[in-house]
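Report on one structure; see the data block that follows.
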Amino acid sequence: MVTRERIPYGPHRDQWGELFLPAVAGASAPARTVVVIHGGYWRDKWTAELGLPTALDLAERGYAVWNLEYRRVGSAVGRRGGSEGSAGGWPATFRDVAMGIDHLADLAGKGLDATRVAALGHSAGGHLAVWAAGRAAQASRTGGEKPAVPLAGVVSQAGVLDLSAAHRLKLSDDAAANLMGGPESEHAEEYALADPMRRLPTGVPVLAVHSRDDEAVPFELSEAYVSAALAAGDPAELHETSGDHFALITPGAEAYETCRALLARLLP
């Protein structure tokens, strides 16, 4: 039987995660842990409910799952925050993801293994997961604070892994500019810090799963990231699958089953 508990990791109403634990958690050894980061082009109309089917499926298969919510933005380009009090966007959304992952260190007593953690991120969540995977390397380069919970790897499900390209293509009504508070021409430094393409190498395996039939996030974004990661010496892979954008988060669909198999490789 899977147990689930909603736990805050900060004071804001969107700073929470839902922890799913398998029946075996705590019985012998702590469960391998997966952080599920939902998509929705960083907008506040989409919530962690998108990650619920994945969280339940993985917990039933023996993983501890942290289905992470975070502050997001509204629908108007260049507008920080969406619904009253959301206050998402750069840098709040990124801080939330970092805080949320690091909070796993405080939850280790609940039966999860905070030393074996991988992230599974869909769409904009794939962008945030891969960004988070680069935190340790970025800290080493800049002398910043190292993450309390480094990621062992990421399965990116049609991730928006090239932020500049997403902005250039104006995907989803220029959601990238919405996230960053304006165009790259006015926020070049911020885009550089937020774009996974500009944070290489990370030293963390990124397994990108994407379909050429995806109409929400072009296949070429994953293709470009994996090519750049390999050139930088990172252990990255591109796995072409079939189906639409949401097949990747639909248990039973071929695309989702591919993601789950790759996750098992990251957390054997």
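Naming works like this for the structure tokens: A, B, ... for the chains as they're shown, residue 1 at the start of each chain, ligands 1 onward in shown order.
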
Contacts of A:Glu5 at 8 Å (only C-alpha atoms; same-chain gap of 6+ positions) as number ranges by chain: A: 18-20

Just all heavy atoms for this one: save the residues we selected as an mmCIF file, in the first residue's frame.
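Generated file (part-v5.cif):
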```
data_model
loop_
_atom_site.group_PDB
_atom_site.id
_atom_site.type_symbol
_atom_site.label_atom_id
_atom_site.label_comp_id
_atom_site.auth_asym_id
_atom_site.auth_seq_id
_atom_site.Cartn_x
_atom_site.Cartn_y
_atom_site.Cartn_z
ATOM 1 N N GLU A 18 4.572 16.444 -2.411
ATOM 2 C CA GLU A 18 3.812 15.320 -1.875
ATOM 3 C C GLU A 18 4.711 14.091 -1.921
ATOM 4 O O GLU A 18 5.214 13.722 -2.982
ATOM 5 C CB GLU A 18 2.530 15.090 -2.659
ATOM 6 C CG GLU A 18 1.594 14.140 -1.933
ATOM 7 C CD GLU A 18 0.198 14.087 -2.549
ATOM 8 O OE1 GLU A 18 0.032 14.519 -3.705
ATOM 9 O OE2 GLU A 18 -0.722 13.610 -1.861
ATOM 10 N N LEU A 19 4.928 13.520 -0.745
ATOM 11 C CA LEU A 19 5.825 12.371 -0.613
ATOM 12 C C LEU A 19 5.017 11.079 -0.683
ATOM 13 O O LEU A 19 4.097 10.861 0.111
ATOM 14 C CB LEU A 19 6.584 12.454 0.708
ATOM 15 C CG LEU A 19 7.589 11.328 0.985
ATOM 16 C CD1 LEU A 19 8.715 11.330 -0.040
ATOM 17 C CD2 LEU A 19 8.162 11.465 2.398
ATOM 18 N N PHE A 20 5.387 10.235 -1.635
ATOM 19 C CA PHE A 20 4.762 8.927 -1.808
ATOM 20 C C PHE A 20 5.779 7.875 -1.381
ATOM 21 O O PHE A 20 6.911 7.867 -1.874
ATOM 22 C CB PHE A 20 4.379 8.696 -3.268
ATOM 23 C CG PHE A 20 3.306 9.612 -3.776
ATOM 24 C CD1 PHE A 20 3.589 10.943 -4.078
ATOM 25 C CD2 PHE A 20 2.016 9.149 -3.959
ATOM 26 C CE1 PHE A 20 2.606 11.793 -4.551
ATOM 27 C CE2 PHE A 20 1.021 9.999 -4.436
ATOM 28 C CZ PHE A 20 1.318 11.324 -4.727
#
```

Sorted by chain and rising residue number, list the residues of stretch 180-265 of chain A at most 8 Å from stretch 136-149 of chain A (counting only C-alpha atoms), each with its closest atom pair and distance in Å to one decimal, as a Markdown table.
```
| residue | atom | partner | partner_atom | distance |
| --- | --- | --- | --- | --- |
| A:Arg199 | CA | A:Gln138 | CA | 7.1 |
| A:Pro201 | CA | A:Ala137 | CA | 7.4 |
| A:Thr202 | CA | A:Ala137 | CA | 5.3 |
| A:Gly203 | CA | A:Ala137 | CA | 7.2 |
```

Within 10 Å of A:Asp195 using only C-alpha atoms, minus same-chain residues under 6 positions, as a list in words: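 Contacts, in chain order: His127, Leu128, Val130, Trp131, Val160, Leu161, Asp162, Leu163, Ser164 and Ala165 of chain A.
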
For A:Leu21, the nearest of the candidates A:Ala194, A:Val35, A:Leu56, A:Ala48, counting only C-alpha atoms: A:Leu56

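Shortest separation to A:Ala188 among A:His167, A:Tyr256, A:His38, A:Glu220 occurs at residue A:His167, atoms counted being only C-alpha atoms.
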
Within 7 Å of A:Ala31 using only C-alpha atoms, minus same-chain residues under 4 positions, as a PyMOL selection string: chain A and resi 25+62-64+111-113
